[in-house]
Structure formats: structure tokens, C-alpha cells
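Peer 1: Following this line is run-v9.cif, made up of mmCIF, N, CA and C atoms:
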```cif
data_final
loop_
_atom_site.label_atom_id
_atom_site.label_comp_id
_atom_site.auth_asym_id
_atom_site.auth_seq_id
_atom_site.Cartn_x
_atom_site.Cartn_y
_atom_site.Cartn_z
N MET A 198 55.44 -54.44 26.31
CA MET A 198 56.71 -54.21 26.99
C MET A 198 57.22 -55.51 27.61
N ILE A 199 58.47 -55.80 27.41
CA ILE A 199 59.06 -57.05 27.93
C ILE A 199 59.47 -56.83 29.38
N ASP A 200 59.09 -57.77 30.23
CA ASP A 200 59.51 -57.74 31.64
C ASP A 200 61.01 -58.05 31.69
N SER A 201 61.80 -57.09 32.15
CA SER A 201 63.25 -57.33 32.17
C SER A 201 63.58 -58.39 33.21
N PRO A 202 64.53 -59.25 32.89
CA PRO A 202 64.89 -60.34 33.81
C PRO A 202 65.41 -59.79 35.13
N ARG A 203 65.00 -60.41 36.20
CA ARG A 203 65.48 -60.04 37.53
C ARG A 203 66.24 -61.22 38.10
N VAL A 204 67.54 -61.05 38.19
CA VAL A 204 68.40 -62.14 38.65
C VAL A 204 69.24 -61.62 39.81
N CYS A 205 69.27 -62.40 40.90
CA CYS A 205 70.01 -62.03 42.11
C CYS A 205 71.19 -62.98 42.27
N VAL A 206 72.36 -62.44 42.60
CA VAL A 206 73.56 -63.25 42.79
C VAL A 206 74.07 -63.06 44.22
N GLN A 207 74.27 -64.19 44.92
CA GLN A 207 74.85 -64.15 46.26
C GLN A 207 76.11 -65.00 46.28
N VAL A 208 77.12 -64.53 47.03
CA VAL A 208 78.41 -65.22 47.06
C VAL A 208 78.87 -65.43 48.49
N GLN A 209 79.42 -66.61 48.76
CA GLN A 209 80.10 -66.88 50.02
C GLN A 209 81.46 -67.47 49.67
N SER A 210 82.51 -66.96 50.33
CA SER A 210 83.85 -67.49 50.06
C SER A 210 84.45 -68.05 51.34
N VAL A 211 85.38 -69.00 51.16
CA VAL A 211 86.05 -69.63 52.29
C VAL A 211 87.49 -69.97 51.89
N TYR A 212 88.39 -69.86 52.85
CA TYR A 212 89.79 -70.20 52.66
C TYR A 212 89.96 -71.71 52.85
N ILE A 213 90.68 -72.36 51.93
CA ILE A 213 90.91 -73.81 52.01
C ILE A 213 92.35 -74.03 52.47
N GLU A 214 92.52 -74.08 53.77
CA GLU A 214 93.86 -74.19 54.36
C GLU A 214 94.57 -75.47 53.94
N SER A 215 93.81 -76.57 53.83
CA SER A 215 94.43 -77.87 53.53
C SER A 215 95.05 -77.92 52.14
N GLN A 216 94.61 -77.06 51.21
CA GLN A 216 95.17 -77.06 49.86
C GLN A 216 96.14 -75.90 49.63
N SER A 217 96.29 -75.06 50.64
CA SER A 217 97.14 -73.88 50.50
C SER A 217 98.56 -74.18 50.98
N ALA A 218 99.49 -73.40 50.47
CA ALA A 218 100.90 -73.51 50.86
C ALA A 218 101.46 -72.09 50.98
N PRO A 219 101.20 -71.42 52.10
CA PRO A 219 101.63 -70.02 52.24
C PRO A 219 103.12 -69.81 52.00
N HIS A 220 103.98 -70.78 52.37
CA HIS A 220 105.42 -70.63 52.15
C HIS A 220 105.75 -70.62 50.66
N ASP A 221 104.83 -71.12 49.81
CA ASP A 221 105.01 -71.08 48.35
C ASP A 221 104.11 -70.02 47.70
N ASP A 222 103.59 -69.11 48.52
CA ASP A 222 102.68 -68.07 48.02
C ASP A 222 101.49 -68.67 47.27
N ARG A 223 100.90 -69.70 47.85
CA ARG A 223 99.73 -70.35 47.26
C ARG A 223 98.60 -70.35 48.29
N TYR A 224 97.56 -69.58 47.99
CA TYR A 224 96.41 -69.46 48.87
C TYR A 224 95.17 -69.87 48.08
N VAL A 225 94.51 -70.94 48.54
CA VAL A 225 93.38 -71.50 47.81
C VAL A 225 92.07 -71.10 48.48
N PHE A 226 91.15 -70.62 47.66
CA PHE A 226 89.85 -70.20 48.16
C PHE A 226 88.75 -70.90 47.36
N ALA A 227 87.66 -71.22 48.04
CA ALA A 227 86.47 -71.73 47.38
C ALA A 227 85.38 -70.67 47.53
N TYR A 228 84.53 -70.58 46.51
CA TYR A 228 83.39 -69.67 46.63
C TYR A 228 82.15 -70.39 46.12
N THR A 229 81.06 -70.18 46.83
CA THR A 229 79.78 -70.75 46.45
C THR A 229 78.87 -69.62 46.00
N ILE A 230 78.32 -69.78 44.82
CA ILE A 230 77.47 -68.74 44.24
C ILE A 230 76.06 -69.29 44.06
N THR A 231 75.10 -68.50 44.48
CA THR A 231 73.69 -68.81 44.29
C THR A 231 73.11 -67.78 43.33
N ILE A 232 72.53 -68.26 42.23
CA ILE A 232 71.91 -67.38 41.23
C ILE A 232 70.42 -67.64 41.29
N ARG A 233 69.66 -66.61 41.66
CA ARG A 233 68.20 -66.75 41.78
C ARG A 233 67.50 -66.00 40.66
N ASN A 234 66.53 -66.66 40.06
CA ASN A 234 65.70 -66.02 39.03
C ASN A 234 64.46 -65.47 39.72
N LEU A 235 64.41 -64.15 39.90
CA LEU A 235 63.29 -63.49 40.55
C LEU A 235 62.27 -62.98 39.53
N GLY A 236 62.52 -63.25 38.25
CA GLY A 236 61.63 -62.76 37.21
C GLY A 236 60.49 -63.73 36.91
N ARG A 237 59.78 -63.44 35.83
CA ARG A 237 58.61 -64.24 35.44
C ARG A 237 58.90 -65.24 34.34
N ASN A 238 60.10 -65.18 33.77
CA ASN A 238 60.45 -66.05 32.64
C ASN A 238 61.77 -66.76 32.90
N PRO A 239 61.96 -67.92 32.27
CA PRO A 239 63.23 -68.62 32.44
C PRO A 239 64.40 -67.83 31.84
N VAL A 240 65.57 -68.01 32.42
CA VAL A 240 66.80 -67.41 31.89
C VAL A 240 67.86 -68.49 31.87
N GLN A 241 68.83 -68.34 30.95
CA GLN A 241 69.91 -69.32 30.86
C GLN A 241 71.23 -68.61 30.98
N LEU A 242 72.12 -69.20 31.78
CA LEU A 242 73.47 -68.66 31.93
C LEU A 242 74.33 -69.22 30.80
N LEU A 243 74.90 -68.32 30.00
CA LEU A 243 75.72 -68.75 28.87
C LEU A 243 77.21 -68.67 29.16
N GLY A 244 77.63 -67.64 29.90
CA GLY A 244 79.06 -67.45 30.12
C GLY A 244 79.34 -66.61 31.33
N ARG A 245 80.65 -66.46 31.61
CA ARG A 245 81.07 -65.70 32.79
C ARG A 245 82.30 -64.89 32.47
N TYR A 246 82.47 -63.83 33.23
CA TYR A 246 83.68 -63.01 33.17
C TYR A 246 84.08 -62.68 34.61
N TRP A 247 85.33 -62.91 34.95
CA TRP A 247 85.86 -62.60 36.28
C TRP A 247 87.05 -61.66 36.17
N LEU A 248 87.12 -60.75 37.12
CA LEU A 248 88.32 -59.96 37.34
C LEU A 248 88.79 -60.31 38.75
N ILE A 249 89.93 -60.97 38.83
CA ILE A 249 90.49 -61.42 40.10
C ILE A 249 91.68 -60.52 40.42
N THR A 250 91.68 -59.92 41.60
CA THR A 250 92.75 -59.01 42.00
C THR A 250 93.40 -59.54 43.28
N ASN A 251 94.72 -59.76 43.24
CA ASN A 251 95.38 -60.25 44.44
C ASN A 251 95.73 -59.08 45.37
N GLY A 252 96.29 -59.40 46.51
CA GLY A 252 96.59 -58.39 47.52
C GLY A 252 97.64 -57.37 47.08
N ASN A 253 98.39 -57.68 46.02
CA ASN A 253 99.38 -56.74 45.49
C ASN A 253 98.82 -55.89 44.35
N GLY A 254 97.53 -56.09 44.03
CA GLY A 254 96.91 -55.32 42.96
C GLY A 254 97.05 -55.94 41.59
N ARG A 255 97.64 -57.13 41.50
CA ARG A 255 97.77 -57.79 40.19
C ARG A 255 96.42 -58.37 39.78
N GLU A 256 96.01 -58.03 38.55
CA GLU A 256 94.70 -58.44 38.06
C GLU A 256 94.81 -59.58 37.06
N THR A 257 93.88 -60.51 37.16
CA THR A 257 93.77 -61.61 36.21
C THR A 257 92.33 -61.64 35.71
N GLU A 258 92.18 -61.72 34.39
CA GLU A 258 90.85 -61.82 33.81
C GLU A 258 90.59 -63.26 33.37
N VAL A 259 89.40 -63.74 33.65
CA VAL A 259 89.01 -65.09 33.28
C VAL A 259 87.62 -65.01 32.64
N GLN A 260 87.48 -65.60 31.46
CA GLN A 260 86.15 -65.66 30.87
C GLN A 260 85.97 -66.98 30.16
N GLY A 261 84.72 -67.38 30.03
CA GLY A 261 84.46 -68.65 29.38
C GLY A 261 82.99 -68.96 29.34
N GLU A 262 82.70 -70.11 28.76
CA GLU A 262 81.32 -70.55 28.64
C GLU A 262 80.85 -71.17 29.95
N GLY A 263 79.61 -70.86 30.31
CA GLY A 263 78.96 -71.49 31.45
C GLY A 263 79.72 -71.36 32.75
N VAL A 264 79.32 -72.19 33.71
CA VAL A 264 80.00 -72.28 35.01
C VAL A 264 80.09 -73.76 35.36
N VAL A 265 81.19 -74.18 35.90
CA VAL A 265 81.47 -75.57 36.26
C VAL A 265 80.97 -76.55 35.20
N GLY A 266 81.22 -76.21 33.93
CA GLY A 266 80.87 -77.09 32.82
C GLY A 266 79.39 -77.11 32.45
N GLU A 267 78.60 -76.22 33.03
CA GLU A 267 77.17 -76.19 32.75
C GLU A 267 76.74 -74.83 32.23
N GLN A 268 75.63 -74.85 31.50
CA GLN A 268 74.95 -73.61 31.09
C GLN A 268 73.50 -73.75 31.56
N PRO A 269 73.30 -73.56 32.88
CA PRO A 269 72.00 -73.89 33.46
C PRO A 269 70.86 -72.99 33.00
N LEU A 270 69.69 -73.62 32.82
CA LEU A 270 68.44 -72.90 32.59
C LEU A 270 67.78 -72.76 33.95
N ILE A 271 67.49 -71.52 34.34
CA ILE A 271 66.93 -71.27 35.66
C ILE A 271 65.49 -70.80 35.49
N GLU A 272 64.57 -71.61 35.95
CA GLU A 272 63.15 -71.30 35.83
C GLU A 272 62.77 -70.18 36.82
N PRO A 273 61.66 -69.48 36.55
CA PRO A 273 61.21 -68.43 37.46
C PRO A 273 61.03 -68.98 38.88
N GLY A 274 61.54 -68.25 39.86
CA GLY A 274 61.42 -68.66 41.25
C GLY A 274 62.43 -69.70 41.69
N ASN A 275 63.24 -70.19 40.77
CA ASN A 275 64.24 -71.20 41.11
C ASN A 275 65.63 -70.59 41.23
N GLU A 276 66.57 -71.42 41.64
CA GLU A 276 67.95 -70.96 41.77
C GLU A 276 68.90 -72.04 41.30
N PHE A 277 70.11 -71.62 40.99
CA PHE A 277 71.19 -72.53 40.62
C PHE A 277 72.37 -72.18 41.53
N GLN A 278 72.94 -73.19 42.16
CA GLN A 278 74.06 -72.96 43.06
C GLN A 278 75.24 -73.83 42.64
N TYR A 279 76.43 -73.25 42.70
CA TYR A 279 77.63 -74.03 42.39
C TYR A 279 78.79 -73.52 43.23
N THR A 280 79.81 -74.36 43.34
CA THR A 280 81.02 -74.00 44.07
C THR A 280 82.20 -74.13 43.12
N SER A 281 83.08 -73.15 43.14
CA SER A 281 84.29 -73.17 42.34
C SER A 281 85.42 -72.63 43.21
N GLY A 282 86.56 -72.36 42.60
CA GLY A 282 87.69 -71.93 43.40
C GLY A 282 88.62 -70.99 42.67
N ALA A 283 89.50 -70.38 43.45
CA ALA A 283 90.52 -69.49 42.92
C ALA A 283 91.78 -69.66 43.75
N ILE A 284 92.92 -69.49 43.10
CA ILE A 284 94.21 -69.58 43.78
C ILE A 284 94.90 -68.23 43.65
N LEU A 285 95.29 -67.66 44.78
CA LEU A 285 95.98 -66.37 44.79
C LEU A 285 97.41 -66.56 45.30
N GLU A 286 98.26 -65.58 44.98
CA GLU A 286 99.63 -65.59 45.49
C GLU A 286 99.73 -64.81 46.79
N THR A 287 98.62 -64.21 47.22
CA THR A 287 98.60 -63.40 48.43
C THR A 287 97.47 -63.90 49.33
N PRO A 288 97.54 -63.61 50.65
CA PRO A 288 96.52 -64.12 51.56
C PRO A 288 95.18 -63.39 51.47
N MET A 289 95.12 -62.38 50.62
CA MET A 289 93.89 -61.62 50.49
C MET A 289 93.75 -61.12 49.06
N GLY A 290 92.51 -61.04 48.58
CA GLY A 290 92.25 -60.51 47.26
C GLY A 290 90.75 -60.32 47.07
N THR A 291 90.38 -59.96 45.84
CA THR A 291 88.96 -59.78 45.53
C THR A 291 88.63 -60.40 44.18
N MET A 292 87.34 -60.68 44.00
CA MET A 292 86.82 -61.12 42.72
C MET A 292 85.56 -60.33 42.42
N GLN A 293 85.34 -60.07 41.15
CA GLN A 293 84.10 -59.45 40.69
C GLN A 293 83.94 -59.79 39.22
N GLY A 294 82.76 -59.55 38.69
CA GLY A 294 82.57 -59.85 37.28
C GLY A 294 81.13 -59.78 36.86
N HIS A 295 80.79 -60.61 35.86
CA HIS A 295 79.40 -60.67 35.41
C HIS A 295 79.13 -62.00 34.71
N TYR A 296 77.86 -62.34 34.67
CA TYR A 296 77.39 -63.48 33.90
C TYR A 296 76.74 -62.96 32.63
N VAL A 297 76.92 -63.69 31.54
CA VAL A 297 76.20 -63.41 30.30
C VAL A 297 75.03 -64.40 30.29
N MET A 298 73.82 -63.84 30.19
CA MET A 298 72.62 -64.67 30.24
C MET A 298 71.74 -64.36 29.04
N VAL A 299 70.79 -65.23 28.80
CA VAL A 299 69.85 -65.03 27.69
C VAL A 299 68.44 -65.28 28.21
N ASP A 300 67.51 -64.45 27.76
CA ASP A 300 66.12 -64.65 28.15
C ASP A 300 65.39 -65.50 27.11
N GLN A 301 64.11 -65.77 27.33
CA GLN A 301 63.39 -66.67 26.42
C GLN A 301 63.14 -66.07 25.05
N GLN A 302 63.32 -64.74 24.90
CA GLN A 302 63.21 -64.11 23.58
C GLN A 302 64.53 -64.16 22.82
N GLY A 303 65.59 -64.70 23.48
CA GLY A 303 66.89 -64.77 22.82
C GLY A 303 67.75 -63.53 23.01
N GLU A 304 67.28 -62.61 23.87
CA GLU A 304 68.05 -61.39 24.15
C GLU A 304 69.09 -61.69 25.22
N THR A 305 70.36 -61.34 24.95
CA THR A 305 71.38 -61.54 25.96
C THR A 305 71.45 -60.32 26.87
N PHE A 306 71.84 -60.56 28.10
CA PHE A 306 72.00 -59.47 29.08
C PHE A 306 73.06 -59.89 30.08
N HIS A 307 73.62 -58.90 30.78
CA HIS A 307 74.65 -59.15 31.79
C HIS A 307 74.04 -59.04 33.19
N VAL A 308 74.50 -59.89 34.07
CA VAL A 308 74.15 -59.81 35.48
C VAL A 308 75.45 -59.58 36.24
N ASP A 309 75.56 -58.44 36.90
CA ASP A 309 76.78 -58.12 37.64
C ASP A 309 76.96 -59.03 38.84
N ILE A 310 78.20 -59.44 39.06
CA ILE A 310 78.58 -60.17 40.27
C ILE A 310 79.33 -59.16 41.13
N PRO A 311 78.74 -58.74 42.25
CA PRO A 311 79.39 -57.71 43.05
C PRO A 311 80.73 -58.18 43.59
N VAL A 312 81.61 -57.22 43.84
CA VAL A 312 82.94 -57.55 44.35
C VAL A 312 82.81 -58.30 45.68
N PHE A 313 83.61 -59.36 45.83
CA PHE A 313 83.65 -60.06 47.11
C PHE A 313 85.10 -60.36 47.45
N ARG A 314 85.33 -60.53 48.75
CA ARG A 314 86.68 -60.67 49.27
C ARG A 314 87.07 -62.13 49.41
N LEU A 315 88.30 -62.42 49.05
CA LEU A 315 88.93 -63.71 49.34
C LEU A 315 90.01 -63.39 50.37
N ALA A 316 89.89 -63.96 51.55
CA ALA A 316 90.89 -63.63 52.60
C ALA A 316 90.98 -64.77 53.60
N ILE A 317 92.20 -65.03 54.05
CA ILE A 317 92.33 -66.02 55.12
C ILE A 317 91.81 -65.32 56.38
N PRO A 318 91.19 -66.08 57.28
CA PRO A 318 90.49 -65.45 58.42
C PRO A 318 91.34 -64.50 59.24
N THR A 319 92.63 -64.78 59.38
CA THR A 319 93.47 -63.89 60.19
C THR A 319 93.75 -62.57 59.51
N HIS A 320 93.40 -62.43 58.20
CA HIS A 320 93.67 -61.18 57.47
C HIS A 320 92.44 -60.32 57.28
N ILE A 321 91.30 -60.74 57.85
CA ILE A 321 90.09 -59.91 57.71
C ILE A 321 90.12 -58.83 58.77
N HIS A 322 89.93 -57.60 58.34
CA HIS A 322 89.96 -56.47 59.29
C HIS A 322 88.56 -55.94 59.51
#
```
Mind turning this structure into C-alpha cells?
Peer 2:
Amino acid sequence: MIDSPRVCVQVQSVYIESQSAPHDDRYVFAYTITIRNLGRNPVQLLGRYWLITNGNGRETEVQGEGVVGEQPLIEPGNEFQYTSGAILETPMGTMQGHYVMVDQQGETFHVDIPVFRLAIPTHIH
């Protein structure tokens, strides 16, 4: 029996006021993601899928290879962390999605990225 990969995803988001222009409906957010391999075998991140929803309910889908130009191999007990960003037309929104990963047997699997909030601090309730 193959030990199924155990991968944990943690997200922190922050509003980037210096790059935002609220009068132009431009709200810039950065998010830092930590991907931890809690399993016994290495796993590699091949791709990503995002569903970004702004405060008006407008959805944008984004998918592609790797993250920040990399397809990291994460050894057992190790983690990979990166920071990226999103621009919304509203002061609040959400992101969620999944990573496409592959184990050492060549089997691909998805790791869910739980929904997280993008919000300027004055809009958090």
C-alpha cells in the first residue's frame, strides 16, 4: 500500500497600501504561502489553480505551471515558502484553489488551498 502524500498549506495575506490606488479601484494584496511535506516521500509542485473572487462576487480563474517560476521538489519534513500577489477592484475579496503535485511514483494529486480573505484592515469585520 502506498503512503498517501500529506501536504499542509498555510496562507498569510497583507494589504499593500503603497501600491494600491483606491480612487482607481485598485487594491493590491500580497500573500505568503508555506507548503509543508508531512509525508515520508518527496513531492513536487507542478502547477496551480486559483479562484479569485472580488467583493462584488466577480470571479477570476488563474492556472499555470509551478509557482513564482518554480516547480519545487519538497523533501519529507521540509517546506517551501513563497510570496505572490493579487490585485482586486474592491477592498475585500477571497482566494482559494489547489496545487497539482506529483509523488515519487509519478502519481499526480491535488492539494486544496483553503479559502482565505484579502481585505484592507479597515474592512475586516
Peer 1: Determine the residue membership of the PyMOL selection byres (((chain A and resi 235-240 and name CA) around 7) and name CA) for the file above and supply it as a list in words.
Peer 2: Pro202, Arg203, Val204, Arg233, Asn234, Gln241, Leu242, Leu270, Ile271, Glu272, Pro273, Gly274, Met298, Val299, Asp300 and Gln301 of chain A
Peer 1: Exactly which residues make up the result of the PyMOL selection byres ((chain A and resi 205-214) around 5) on this file, given as a PyMOL selection string?
Peer 2: chain A and resi 203-204+215-217+225-233
Peer 1: Please list as an mmCIF file with N, CA and C atoms, keeping the file's coordinate frame every residue within 8 Å of Val265 of chain A, counting only N, CA and C atoms and excluding residues in the same chain fewer than 5 positions away.
Peer 2:
```
data_model
loop_
_atom_site.group_PDB
_atom_site.id
_atom_site.type_symbol
_atom_site.label_atom_id
_atom_site.label_comp_id
_atom_site.auth_asym_id
_atom_site.auth_seq_id
_atom_site.Cartn_x
_atom_site.Cartn_y
_atom_site.Cartn_z
ATOM 1 N N TYR A 279 76.430 -73.250 42.700
ATOM 2 C CA TYR A 279 77.630 -74.030 42.390
ATOM 3 C C TYR A 279 78.790 -73.520 43.230
ATOM 4 N N THR A 280 79.810 -74.360 43.340
ATOM 5 C CA THR A 280 81.020 -74.000 44.070
ATOM 6 C C THR A 280 82.200 -74.130 43.120
ATOM 7 N N SER A 281 83.080 -73.150 43.140
ATOM 8 C CA SER A 281 84.290 -73.170 42.340
ATOM 9 C C SER A 281 85.420 -72.630 43.210
#
```
Peer 1: Rounded to one decimal, what separation in Å do you get between atom CA of Glu256 of chain A and atom C of Ala316 of chain A?
Peer 2: 17.2 Å
Peer 1: Neighbouring residues of Val297 of chain A were defined as those with any atom within 6.5 Å, considering all atoms listed in the file; residues of the same chain fewer than 4 positions away were excluded. Please report them as a list in words.
Peer 2: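 Non-adjacent residues within range: Gln241, Leu242, Leu243, Gly244, Arg245, Tyr246, Thr305, Phe306, His307 and Val308 of chain A.
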Peer 1: Which one is closest to Gly290 of chain A: A:Tyr224, A:Glu267, A:Glu262, A:Phe313? Count all atoms listed in the file.
Peer 2: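 The shortest atom-to-atom distance to Gly290 of chain A comes from A:Phe313.
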Peer 1: Calculate how many Å separate atom CA of Gln260 of chain A from atom CA of Trp247 of chain A, rounding to one decimal.
Peer 2: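 Straight-line distance from atom CA of Gln260 of chain A to atom CA of Trp247 of chain A works out to 6.2 Å.
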Peer 1: Could you pull out the strand (DSSP E) residues of chain A from DSSP and send them as a PyMOL selection string?
Peer 2: chain A and resi 204-212+224-234+240-251+256-262+270-271+276-285+289-300+305-316
Peer 1: List every protein, DNA or RNA residue with an atom no more than 6.5 Å from (86.4, -60.1, 43.6) in the file's coordinates, counting all atoms listed in the file, and format the result as a PyMOL selection string.
Peer 2: chain A and resi 248-250+290-294+311-315
Peer 1: With only N, CA and C atoms as the atoms that count, which of A:Asn253, A:Tyr296, A:Asp222, A:Gly266 lies nearest to Ile310 of chain A?
Peer 2: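 Of all the options, A:Tyr296 lies closest to Ile310 of chain A.
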Peer 1: Which parts of segment 207-311 of chain A does DSSP call helix (DSSP H, G or I) when run on the backbone here, written out as a list of chain:residue names?
Peer 2: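 Secondary structure check on segment 207-311 of chain A, helix (DSSP H, G or I): A:Glu214, A:Ser215, A:Gln216, A:Pro219, A:His220, A:Asp221.
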Peer 1: Rounded to one decimal, what separation in Å do you get between atom N of Thr319 of chain A and atom CA of Pro219 of chain A?
Peer 2: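 Atom CA of Pro219 of chain A lies at a distance of 12.6 Å from atom N of Thr319 of chain A.
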Peer 1: Of the candidates A:Gly261, A:Glu276, A:Gly252, A:Asp309, which shows the shortest atom-to-atom distance to His295 of chain A, using only N, CA and C atoms?
Peer 2: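 Using only N, CA and C atoms, His295 of chain A sits closest to A:Asp309.
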